[in-house]
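Down below is the structure, laid out as structure tokens.
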Amino acid sequence: MNKEKSIFSPIKAWKYLLRKPITVLKKDIFDKPREASLRYRGFHQNDWEKCLGCGTCSKICPTNAITMIEVSTLEDKEGYKNERPAFDYGRCTFCAICVDICPSDSLAMSREYLHVSKDADTFYFLPDSTGIHGDSFAKGYVRDSDSELLDLTRYEMELEPVGRKTSFMEIVKGYSLERALAESARCVECGICTDACPAKMNIPEYIKSIWEGDMKGAVEYLYKTNPLANVCGRICTHMCEGVCALGHRGEAISIRWLKRFIVDNTPMDEYEEAALSTVTEAVNGKVAIVGSGPSGLSCGYYLRTLGYEVDIYEERALPGGVIRYGGPEYRLPEKSVLKDIGMIEKAGVNFITNTKVGRDISLDELQTKYDAVFLGTGFSLSRPLKIPGYEHKDVGYAIPFLAETRDYLRETSDMPDVHEKAVVIGGGNVAFDVGRTLVRLQQVKYGADFVSMAALEHRDILPCDIEELEEGEEEGIRGHFGYGPAEILIEDGKISGLRVKKVISIFDEDKRFNPKYDETDTFVIEATQVFIATGQMPEYAFFNETMLEEIEIAKGQVKVGKYGQFNKFPWLFAGGDIVQGPDIITGVANGHDAAEGIDIYIRAKNN
């Protein structure tokens with residue numbers, strides 16, 4: 001806001017009447033240069049430690065005076081590019097727009113203004129924090145609140161009111177068109193998010209498509225690298241947002257929610273046309289996929305775009321794996337999962353359900369029937385926590401419990417057994433899925449809830465997403481963080497509580513998991529039911545003895561080569577949890593890569 005000028009402002013100029021004039025001699029211009037004003041727009045300074053290499057300055061420059069230059073000595077790490085801006089002072093007008101828009105605040109303009117040369121090439125500089133001559137001139141112009149060009153505050157999605165815990169309705173409302181446009185306008189299109197995304201999604205492109213009103217084009221960008229956009233638009237781990245350039249001075253772009261806006265608001269005919277536009281006739285061969293979780297679904301879809309016939313084997317009654325049986329309904333509605341799976345099915349992928357590989361059909365049989373096989377079986381087993389009392393019948397595990405709840409909500413099974421007072425062991429996202437699901441089931445059954453949670457980590461370092469913690473606490477979960485489980489107490493054959501003890505440290509000097517406790521600081525969390533949510537592990541019953549001898553397995557994960565291919569068994573590929581650990585978007589990326597590798601393998605074999 002402009003301030004009104006004082007009527008005495010002209011009088012202030014009279015002070016210059018009595019000042020002695022300054023005469024600058026030609027010989028003194030370089031030897032005794034005058035000091036520029038405090039806000040002088042001289043040559044640029046760039047703090048390389050803060051600079052992201054995002055190129056936003058280059059894109060906005062009205063005279064094309066800035067070029068991003070790759071610097072080989074800089075590490076190309078997540079969230080940063082090994083590029084820095086170089087300035088052509090034959091073009092630069094010293095407008096300082098590059099400084100005003102810099103997301104990391106690395107750019108400034110010094111009070112240095114002298115440079116003379118007859119060689120035009122010497123007017124092209126790659127400055128660091130000391131400027132163009134390396135003499136560390138004083139800073140001149142820097143961005144301030146009046147010259148800010150970025151919108152640093154994200155447009156949040158609304159949650160259902162506190163009463164949301166009484167039902168399994170989706171709790172997060174989607175963006176309105178107005179908010180989606182406002183949020184998409186914040187993006188500076190630097191692409192650092194794409195580099196951080198395991199699936200390398202075309203994030204700036206689909207965000208720009210929202211702003212331009214091209215929803216069909218946005219869907220096409222989504223399906224280039226991710227056929228599970230409905231799922232990922234709701235429960236993706238959004239690593240992209242963690243490196244967003246705007247997050248260095250403000251709040252990151254809501255990339256996940258914008259993806260959700262696209263899939264929720266594109267007309268179905270346009271959506272389907274975009275999603276299936278690259279699918280071709282199956283003429284190149286036949287591939288079997290074991291497991292219909294994210295990696296298997298992704299692999300199947302992209303194999304169809306490459307012209308392969310695909311069968312996906314699933315041991316459960318419905319395809320989808322963790323997205324069908326793990327994610328809670330209030331976070332990932334059935335209709336969203338069905339939209340993704342339905343589109344993959346329309347692409348021509350065939351699902352063979354209620355068929356477990358290793359029990360109903362062997363890997364050897366699959367090798368005989370198909371040109372290649374992809375394993376995407378995930379971490380389907382719960383990891384036991386062998387503390388006293390863990391074998392009691394009222395001790396449950398995360399994965400089976402969440403699966404039972406999804407079947408209950410589909411009305412294909414009864415409500416899981418839920419007590420009036422329960423405690424969850426664990427502090428990750430899955431643990432909160434269990435706790436928040438328990439709250440809702442208790443509300444349905446008892447009209448009240450009493451769910452406690454015990455986790456080794458203190459509240460500020462819990463492995464869960466911050467929104468899971470905050471929303472879980474809003475819904476009434478009683479957290480006991482920084483306390484580890486010691487014993488499940490049993491009285492007269494029934495669970496009476498969980499005894500916990502204070503955690504001193506979780507890892508030892510070698511950074512290995514080795515918790516230490518204060519044995520004198522203990523208490524009992526009242527409960528008659530305990531749920532363990534401290535991790536999952538894989539099941540490898542489908543490997544025969546020869547394979548188990550040849551395949552390297554470390555910490556539950558199989559070692560594979562490029563494209564997820566097994567070195568000793570070139571017809572066999574793998575991805576997802578069993579290769580890189582539990583994460584949906586990483587599973588999607590693994591499936592995409594494997595589809596490419598399978599195509600290379602089969603083509604080479606047939607030539």
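Simple scheme: letters A, B, ... for chains in structure tokens order, numbers from 1 for residues in each chain, numbers from 1 for ligands in the order shown.
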- Report as a VMD selection string: the residues of region 155-401 of chain A with a DSSP assignment of strand (DSSP E), based on the backbone of this structure. chain A and resid 286 to 290 309 to 313 350 to 352 372 to 375 381 to 382 395 to 397
Give one line per residue of region 370-484 of chain A that approaches region 148-170 of chain A to at most 10 Å, naming the two atoms of the closest pair and their distance in Å to one decimal, counting only C-alpha atoms; sort by chain then ascending residue number and deliver it as CSV.
```
residue,atom,partner,partner_atom,distance
A:Leu409,CA,A:Phe168,CA,8.6
A:Arg436,CA,A:Lys165,CA,7.8
A:Thr437,CA,A:Phe168,CA,8.3
A:Leu438,CA,A:Lys165,CA,9.8
A:Val439,CA,A:Lys165,CA,6.8
A:Arg440,CA,A:Lys165,CA,5.4
A:Leu441,CA,A:Thr166,CA,8.3
A:Gln442,CA,A:Thr166,CA,8.9
A:Gln443,CA,A:Thr166,CA,5.7
A:Val444,CA,A:Thr166,CA,6.9
A:Gly447,CA,A:Thr166,CA,8.3
A:Ala448,CA,A:Thr166,CA,9.0
A:Asp449,CA,A:Lys165,CA,9.5
A:Glu471,CA,A:Val162,CA,9.4
A:Gly472,CA,A:Lys165,CA,9.6
A:Glu474,CA,A:Val162,CA,7.3
A:Glu475,CA,A:Lys165,CA,6.2
A:Gly476,CA,A:Lys165,CA,9.0
```
May I have the selected residues written with N, CA and C atoms, as an mmCIF file, in the first residue's frame?
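Saved result, again_5.cif, follows:
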```cif
data_model
loop_
_atom_site.group_PDB
_atom_site.id
_atom_site.type_symbol
_atom_site.label_atom_id
_atom_site.label_comp_id
_atom_site.auth_asym_id
_atom_site.auth_seq_id
_atom_site.Cartn_x
_atom_site.Cartn_y
_atom_site.Cartn_z
ATOM 1 N N LEU A 409 -17.021 -53.241 4.782
ATOM 2 C CA LEU A 409 -17.626 -52.067 4.160
ATOM 3 C C LEU A 409 -18.179 -52.390 2.775
ATOM 4 N N ARG A 436 -7.282 -45.163 13.388
ATOM 5 C CA ARG A 436 -8.424 -44.357 12.951
ATOM 6 C C ARG A 436 -9.575 -45.239 12.464
ATOM 7 N N THR A 437 -9.239 -46.410 11.929
ATOM 8 C CA THR A 437 -10.283 -47.363 11.550
ATOM 9 C C THR A 437 -10.962 -47.929 12.798
ATOM 10 N N LEU A 438 -10.169 -48.222 13.823
ATOM 11 C CA LEU A 438 -10.730 -48.704 15.090
ATOM 12 C C LEU A 438 -11.703 -47.684 15.683
ATOM 13 N N VAL A 439 -11.305 -46.412 15.646
ATOM 14 C CA VAL A 439 -12.174 -45.347 16.176
ATOM 15 C C VAL A 439 -13.539 -45.395 15.510
ATOM 16 N N ARG A 440 -13.551 -45.547 14.202
ATOM 17 C CA ARG A 440 -14.810 -45.550 13.458
ATOM 18 C C ARG A 440 -15.644 -46.798 13.751
ATOM 19 N N LEU A 441 -14.971 -47.940 13.821
ATOM 20 C CA LEU A 441 -15.705 -49.176 14.124
ATOM 21 C C LEU A 441 -16.263 -49.155 15.537
ATOM 22 N N GLN A 442 -15.508 -48.614 16.492
ATOM 23 C CA GLN A 442 -16.012 -48.484 17.858
ATOM 24 C C GLN A 442 -17.234 -47.557 17.902
ATOM 25 N N GLN A 443 -17.177 -46.480 17.108
ATOM 26 C CA GLN A 443 -18.317 -45.566 17.053
ATOM 27 C C GLN A 443 -19.556 -46.286 16.533
ATOM 28 N N VAL A 444 -19.365 -47.129 15.503
ATOM 29 C CA VAL A 444 -20.496 -47.883 14.943
ATOM 30 C C VAL A 444 -21.038 -48.871 15.965
ATOM 31 N N GLY A 447 -20.900 -46.542 19.942
ATOM 32 C CA GLY A 447 -21.289 -45.143 20.044
ATOM 33 C C GLY A 447 -20.265 -44.294 20.759
ATOM 34 N N ALA A 448 -19.082 -44.838 20.994
ATOM 35 C CA ALA A 448 -17.981 -44.127 21.651
ATOM 36 C C ALA A 448 -16.681 -44.805 21.219
ATOM 37 N N ASP A 449 -15.558 -44.128 21.467
ATOM 38 C CA ASP A 449 -14.274 -44.719 21.065
ATOM 39 C C ASP A 449 -13.233 -44.542 22.152
ATOM 40 N N GLU A 471 -4.735 -35.433 12.273
ATOM 41 C CA GLU A 471 -6.123 -35.873 12.112
ATOM 42 C C GLU A 471 -6.450 -37.006 13.082
ATOM 43 N N GLY A 472 -5.485 -37.872 13.336
ATOM 44 C CA GLY A 472 -5.701 -38.948 14.301
ATOM 45 C C GLY A 472 -5.952 -38.410 15.694
ATOM 46 N N GLU A 474 -7.098 -35.399 16.364
ATOM 47 C CA GLU A 474 -8.401 -34.738 16.324
ATOM 48 C C GLU A 474 -9.538 -35.740 16.515
ATOM 49 N N GLU A 475 -9.327 -36.950 16.027
ATOM 50 C CA GLU A 475 -10.372 -37.972 16.122
ATOM 51 C C GLU A 475 -10.328 -38.734 17.442
ATOM 52 N N GLY A 476 -9.411 -38.350 18.325
ATOM 53 C CA GLY A 476 -9.435 -38.887 19.677
ATOM 54 C C GLY A 476 -8.400 -39.941 20.017
#
```
- Hey, what's within 7 Å of region 316-329 of chain A if we count only C-alpha atoms and toss same-chain stuff fewer than 3 positions away? As a PyMOL selection string, please? chain A and resi 168+170+292-293+332-334+337+353-354+399+402-403+406+433
Limited to C-alpha atoms, could you put the picked residues into a file as an mmCIF file, in the first residue's frame?
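Listed below is the output, part-v5.cif:
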```cif
data_model
loop_
_atom_site.group_PDB
_atom_site.id
_atom_site.type_symbol
_atom_site.label_atom_id
_atom_site.label_comp_id
_atom_site.auth_asym_id
_atom_site.auth_seq_id
_atom_site.Cartn_x
_atom_site.Cartn_y
_atom_site.Cartn_z
ATOM 1 C CA PHE A 168 -16.190 -43.999 6.713
ATOM 2 C CA GLU A 170 -14.019 -39.670 2.535
ATOM 3 C CA SER A 292 -2.241 -57.079 -8.554
ATOM 4 C CA GLY A 293 -0.873 -54.342 -6.337
ATOM 5 C CA LEU A 332 -9.199 -44.045 -0.367
ATOM 6 C CA PRO A 333 -12.823 -44.688 -1.407
ATOM 7 C CA GLU A 334 -13.680 -47.873 -3.281
ATOM 8 C CA VAL A 337 -9.739 -47.696 -6.707
ATOM 9 C CA THR A 353 -8.395 -63.961 -9.021
ATOM 10 C CA ASN A 354 -8.589 -66.472 -6.154
ATOM 11 C CA ILE A 399 -2.837 -56.012 7.305
ATOM 12 C CA LEU A 402 -7.583 -53.484 7.428
ATOM 13 C CA ALA A 403 -8.492 -56.114 4.814
ATOM 14 C CA ARG A 406 -12.648 -53.227 3.645
ATOM 15 C CA ASP A 433 -4.768 -46.364 9.501
#
```
- Message: Report as a ChimeraX atom specification all protein, DNA and RNA residues lying within 12 Å of Gly535 (chain A), evaluated on only C-alpha atoms, omitting residues in the same chain fewer than 3 positions from it.
- Response: /A:379-385,397-399,425-431,463,531-532,538,556,577,581-582
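Distances here use only C-alpha atoms; by that measure, the residue among A:Glu315, A:Glu365, A:Asp100, A:Asp76 closest to Ile60 (chain A) is A:Asp100.
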- Task: Name the closest residue to Glu470 (chain A) among the candidates A:Asn544, A:Leu297, A:Phe432, A:Val524; distances are taken between atoms, counting only C-alpha atoms.
- Result: A:Phe432
- Message: Give me, as an MDAnalysis selection string, the residues of region 463-604 of chain A that a backbone DSSP run labels helix (DSSP H, G or I).
- Response: chainID A and resid 466:474 545:550 562:564 577:580 584:604
Kindly save the residues from that selection, with N, CA and C atoms included, as a short mmCIF file (atom, residue, chain, number, x, y, z; two decimals), in the first residue's frame.
```
data_model
loop_
_atom_site.label_atom_id
_atom_site.label_comp_id
_atom_site.auth_asym_id
_atom_site.auth_seq_id
_atom_site.Cartn_x
_atom_site.Cartn_y
_atom_site.Cartn_z
N ILE A 466 2.47 -35.96 8.74
CA ILE A 466 1.99 -35.05 9.77
C ILE A 466 0.47 -34.97 9.79
N GLU A 467 -0.16 -35.07 8.60
CA GLU A 467 -1.62 -34.99 8.59
C GLU A 467 -2.26 -36.21 9.26
N GLU A 468 -1.61 -37.36 9.16
CA GLU A 468 -2.12 -38.55 9.84
C GLU A 468 -2.11 -38.34 11.35
N LEU A 469 -1.01 -37.79 11.84
CA LEU A 469 -0.89 -37.52 13.28
C LEU A 469 -1.93 -36.51 13.74
N GLU A 470 -2.01 -35.40 13.05
CA GLU A 470 -2.92 -34.34 13.47
C GLU A 470 -4.37 -34.78 13.38
N GLU A 471 -4.74 -35.43 12.27
CA GLU A 471 -6.12 -35.87 12.11
C GLU A 471 -6.45 -37.01 13.08
N GLY A 472 -5.48 -37.87 13.34
CA GLY A 472 -5.70 -38.95 14.30
C GLY A 472 -5.95 -38.41 15.69
N GLU A 473 -5.18 -37.41 16.09
CA GLU A 473 -5.38 -36.80 17.41
C GLU A 473 -6.72 -36.06 17.47
N GLU A 474 -7.10 -35.40 16.36
CA GLU A 474 -8.40 -34.74 16.32
C GLU A 474 -9.54 -35.74 16.51
N GLU A 545 13.36 -74.50 -4.74
CA GLU A 545 14.63 -74.61 -4.02
C GLU A 545 15.80 -74.07 -4.83
N THR A 546 15.79 -74.36 -6.12
CA THR A 546 16.88 -73.88 -6.98
C THR A 546 16.91 -72.36 -7.01
N MET A 547 15.75 -71.77 -7.13
CA MET A 547 15.67 -70.31 -7.16
C MET A 547 16.15 -69.70 -5.85
N LEU A 548 15.74 -70.28 -4.75
CA LEU A 548 16.12 -69.74 -3.44
C LEU A 548 17.64 -69.80 -3.24
N GLU A 549 18.28 -70.78 -3.87
CA GLU A 549 19.74 -70.87 -3.78
C GLU A 549 20.42 -69.81 -4.64
N GLU A 550 19.79 -69.42 -5.73
CA GLU A 550 20.42 -68.51 -6.68
C GLU A 550 20.04 -67.04 -6.45
N LYS A 562 18.94 -54.26 -13.82
CA LYS A 562 18.23 -53.20 -14.53
C LYS A 562 16.86 -53.67 -14.96
N TYR A 563 15.89 -52.81 -14.90
CA TYR A 563 14.49 -53.09 -15.25
C TYR A 563 13.85 -54.13 -14.32
N GLY A 564 14.47 -54.42 -13.17
CA GLY A 564 13.91 -55.40 -12.25
C GLY A 564 14.12 -56.83 -12.69
N ASP A 577 7.24 -53.52 -3.45
CA ASP A 577 7.73 -53.71 -2.08
C ASP A 577 8.90 -54.68 -2.00
N ILE A 578 8.84 -55.79 -2.74
CA ILE A 578 9.85 -56.83 -2.61
C ILE A 578 11.19 -56.42 -3.22
N VAL A 579 11.21 -55.26 -3.89
CA VAL A 579 12.46 -54.76 -4.45
C VAL A 579 12.92 -53.50 -3.75
N GLN A 580 12.00 -52.55 -3.50
CA GLN A 580 12.40 -51.26 -2.94
C GLN A 580 11.64 -50.85 -1.69
N ILE A 584 3.67 -46.79 -2.71
CA ILE A 584 2.84 -46.99 -3.90
C ILE A 584 3.46 -46.39 -5.15
N ILE A 585 3.92 -45.15 -5.09
CA ILE A 585 4.43 -44.49 -6.28
C ILE A 585 5.72 -45.16 -6.76
N THR A 586 6.53 -45.66 -5.84
CA THR A 586 7.74 -46.40 -6.23
C THR A 586 7.35 -47.70 -6.92
N GLY A 587 6.30 -48.35 -6.42
CA GLY A 587 5.81 -49.57 -7.07
C GLY A 587 5.34 -49.29 -8.49
N VAL A 588 4.65 -48.17 -8.68
CA VAL A 588 4.19 -47.78 -10.02
C VAL A 588 5.39 -47.60 -10.95
N ALA A 589 6.43 -46.93 -10.44
CA ALA A 589 7.63 -46.70 -11.25
C ALA A 589 8.32 -48.02 -11.60
N ASN A 590 8.43 -48.92 -10.63
CA ASN A 590 9.04 -50.23 -10.87
C ASN A 590 8.29 -51.00 -11.95
N GLY A 591 6.96 -50.96 -11.90
CA GLY A 591 6.15 -51.66 -12.89
C GLY A 591 6.35 -51.11 -14.29
N HIS A 592 6.44 -49.79 -14.39
CA HIS A 592 6.67 -49.15 -15.68
C HIS A 592 8.03 -49.56 -16.25
N ASP A 593 9.06 -49.49 -15.40
CA ASP A 593 10.40 -49.87 -15.84
C ASP A 593 10.46 -51.33 -16.27
N ALA A 594 9.80 -52.19 -15.50
CA ALA A 594 9.82 -53.62 -15.81
C ALA A 594 9.14 -53.91 -17.14
N ALA A 595 8.06 -53.18 -17.43
CA ALA A 595 7.38 -53.36 -18.72
C ALA A 595 8.33 -53.07 -19.87
N GLU A 596 9.12 -52.04 -19.71
CA GLU A 596 10.11 -51.70 -20.74
C GLU A 596 11.16 -52.80 -20.85
N GLY A 597 11.62 -53.29 -19.69
CA GLY A 597 12.62 -54.36 -19.69
C GLY A 597 12.10 -55.66 -20.28
N ILE A 598 10.85 -56.00 -19.98
CA ILE A 598 10.23 -57.22 -20.53
C ILE A 598 10.13 -57.11 -22.05
N ASP A 599 9.78 -55.92 -22.52
CA ASP A 599 9.69 -55.71 -23.97
C ASP A 599 11.06 -55.92 -24.63
N ILE A 600 12.10 -55.38 -24.02
CA ILE A 600 13.46 -55.55 -24.56
C ILE A 600 13.85 -57.02 -24.57
N TYR A 601 13.56 -57.72 -23.47
CA TYR A 601 13.91 -59.14 -23.33
C TYR A 601 13.20 -59.99 -24.38
N ILE A 602 11.89 -59.83 -24.52
CA ILE A 602 11.12 -60.67 -25.44
C ILE A 602 11.51 -60.40 -26.89
N ARG A 603 11.72 -59.13 -27.22
CA ARG A 603 12.12 -58.81 -28.59
C ARG A 603 13.47 -59.42 -28.93
N ALA A 604 14.40 -59.35 -27.96
CA ALA A 604 15.72 -59.93 -28.20
C ALA A 604 15.64 -61.45 -28.33
#
```
- Message: Residues near Leu498 (chain A), anyone? I mean within 6 Å using only C-alpha atoms, not counting same-chain ones fewer than 5 positions away, as an MDAnalysis selection string.
- Response: chainID A and resid 487:489 524:525
Can I get the selected residues back with N, CA and C atoms, as a compact mmCIF listing (two decimals), in the first residue's frame?
```txt
# COMPACT_ATOMS: atom_id res chain seq x y z
N GLU A 487 5.20 -55.63 27.45
CA GLU A 487 4.45 -56.86 27.76
C GLU A 487 2.96 -56.61 27.59
N ILE A 488 2.30 -57.60 27.00
CA ILE A 488 0.84 -57.58 26.94
C ILE A 488 0.33 -58.30 28.18
N LEU A 489 -0.34 -57.55 29.05
CA LEU A 489 -0.76 -58.11 30.33
C LEU A 489 -2.03 -58.93 30.16
N VAL A 524 1.11 -48.70 32.42
CA VAL A 524 0.23 -49.62 31.69
C VAL A 524 -0.84 -48.82 30.96
N ILE A 525 -0.98 -49.11 29.65
CA ILE A 525 -2.05 -48.53 28.84
C ILE A 525 -3.24 -49.48 28.91
```
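Reported to one decimal place, the separation of CA of Glu75 (chain A) from CA of Ile132 (chain A) is 22.3 Å.
Distance annotation: of A:Ala65, A:Lys173, A:Thr534, A:Tyr540, the residue with the minimal separation from Cys464 (chain A) is A:Thr534; atom set is only C-alpha atoms.
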- Task: Show which residues sit within 7 Å of region 185-202 of chain A, as a PyMOL selection string. Count only C-alpha atoms, and ignore same-chain residues fewer than 6 positions away.
- Result: chain A and resi 54-56+78-80+150-151+211+221-222+225-226+239-241+243-244+253+585-586+588-589
Please save N, CA and C atoms of the selected residues as a tab-separated table (two decimals), in the first residue's frame.
```tsv
chain	number	residue	atom	x	y	z
A	54	CYS	N	16.93	-24.24	-10.23
A	54	CYS	CA	15.58	-24.48	-10.75
A	54	CYS	C	15.32	-23.78	-12.08
A	55	GLY	N	16.06	-22.71	-12.38
A	55	GLY	CA	15.89	-22.03	-13.65
A	55	GLY	C	14.72	-21.06	-13.70
A	56	THR	N	14.09	-20.78	-12.57
A	56	THR	CA	12.96	-19.85	-12.56
A	56	THR	C	13.39	-18.46	-13.01
A	78	GLU	N	18.79	-34.84	-4.95
A	78	GLU	CA	17.33	-34.67	-4.93
A	78	GLU	C	16.97	-33.29	-4.39
A	79	GLY	N	16.13	-32.61	-5.15
A	79	GLY	CA	15.70	-31.28	-4.76
A	79	GLY	C	16.58	-30.17	-5.30
A	80	TYR	N	17.69	-30.53	-5.94
A	80	TYR	CA	18.62	-29.55	-6.50
A	80	TYR	C	19.11	-30.04	-7.86
A	150	LEU	N	5.96	-14.31	-5.86
A	150	LEU	CA	5.44	-15.65	-5.67
A	150	LEU	C	4.29	-15.67	-4.66
A	151	ASP	N	3.33	-16.54	-4.92
A	151	ASP	CA	2.26	-16.80	-3.95
A	151	ASP	C	2.74	-17.97	-3.10
A	211	TRP	N	-4.47	-25.12	-15.45
A	211	TRP	CA	-4.58	-23.67	-15.61
A	211	TRP	C	-5.14	-23.31	-16.98
A	221	TYR	N	-1.08	-36.59	-19.65
A	221	TYR	CA	0.20	-36.45	-18.96
A	221	TYR	C	0.29	-37.41	-17.77
A	222	LEU	N	-0.81	-37.59	-17.04
A	222	LEU	CA	-0.81	-38.51	-15.90
A	222	LEU	C	-0.49	-39.93	-16.36
A	225	THR	N	3.10	-41.91	-17.24
A	225	THR	CA	3.97	-42.62	-16.29
A	225	THR	C	3.23	-43.22	-15.10
A	226	ASN	N	1.90	-42.99	-14.99
A	226	ASN	CA	1.19	-43.47	-13.80
A	226	ASN	C	-0.27	-43.79	-14.11
A	239	MET	N	6.53	-37.33	-2.49
A	239	MET	CA	7.92	-36.88	-2.34
A	239	MET	C	8.17	-35.61	-3.14
A	240	CYS	N	7.41	-35.44	-4.22
A	240	CYS	CA	7.54	-34.25	-5.06
A	240	CYS	C	7.34	-32.98	-4.25
A	241	GLU	N	6.38	-32.98	-3.35
A	241	GLU	CA	6.09	-31.79	-2.57
A	241	GLU	C	7.22	-31.48	-1.59
A	243	VAL	N	10.30	-31.49	-2.17
A	243	VAL	CA	11.40	-30.75	-2.81
A	243	VAL	C	10.90	-29.54	-3.60
A	244	CYS	N	9.61	-29.26	-3.56
A	244	CYS	CA	9.04	-28.15	-4.32
A	244	CYS	C	9.81	-26.86	-4.04
A	253	ILE	N	3.67	-26.52	-3.44
A	253	ILE	CA	2.47	-26.70	-4.25
A	253	ILE	C	1.76	-27.99	-3.82
A	585	ILE	N	3.92	-45.15	-5.09
A	585	ILE	CA	4.43	-44.49	-6.28
A	585	ILE	C	5.72	-45.16	-6.76
A	586	THR	N	6.53	-45.66	-5.84
A	586	THR	CA	7.74	-46.40	-6.23
A	586	THR	C	7.35	-47.70	-6.92
A	588	VAL	N	4.65	-48.17	-8.68
A	588	VAL	CA	4.19	-47.78	-10.02
A	588	VAL	C	5.39	-47.60	-10.95
A	589	ALA	N	6.43	-46.93	-10.44
A	589	ALA	CA	7.63	-46.70	-11.25
A	589	ALA	C	8.32	-48.02	-11.60
```
- Item | Distance query region 565-575 of chain A at most 6 Å, only C-alpha atoms, self and fewer than 4 positions along chain excluded, as a PyMOL selection string | chain A and resi 372-376+560-561+579+590
- Pick from A:Pro204, A:Gly250, A:Pro227, A:Gly242 nearest to Pro103 (chain A), counting only C-alpha atoms: A:Gly250
- Message: Between CA of Trp48 (chain A) and CA of Arg111 (chain A), what distance in Å does the model show, to one decimal?
- Response: 19.0 Å
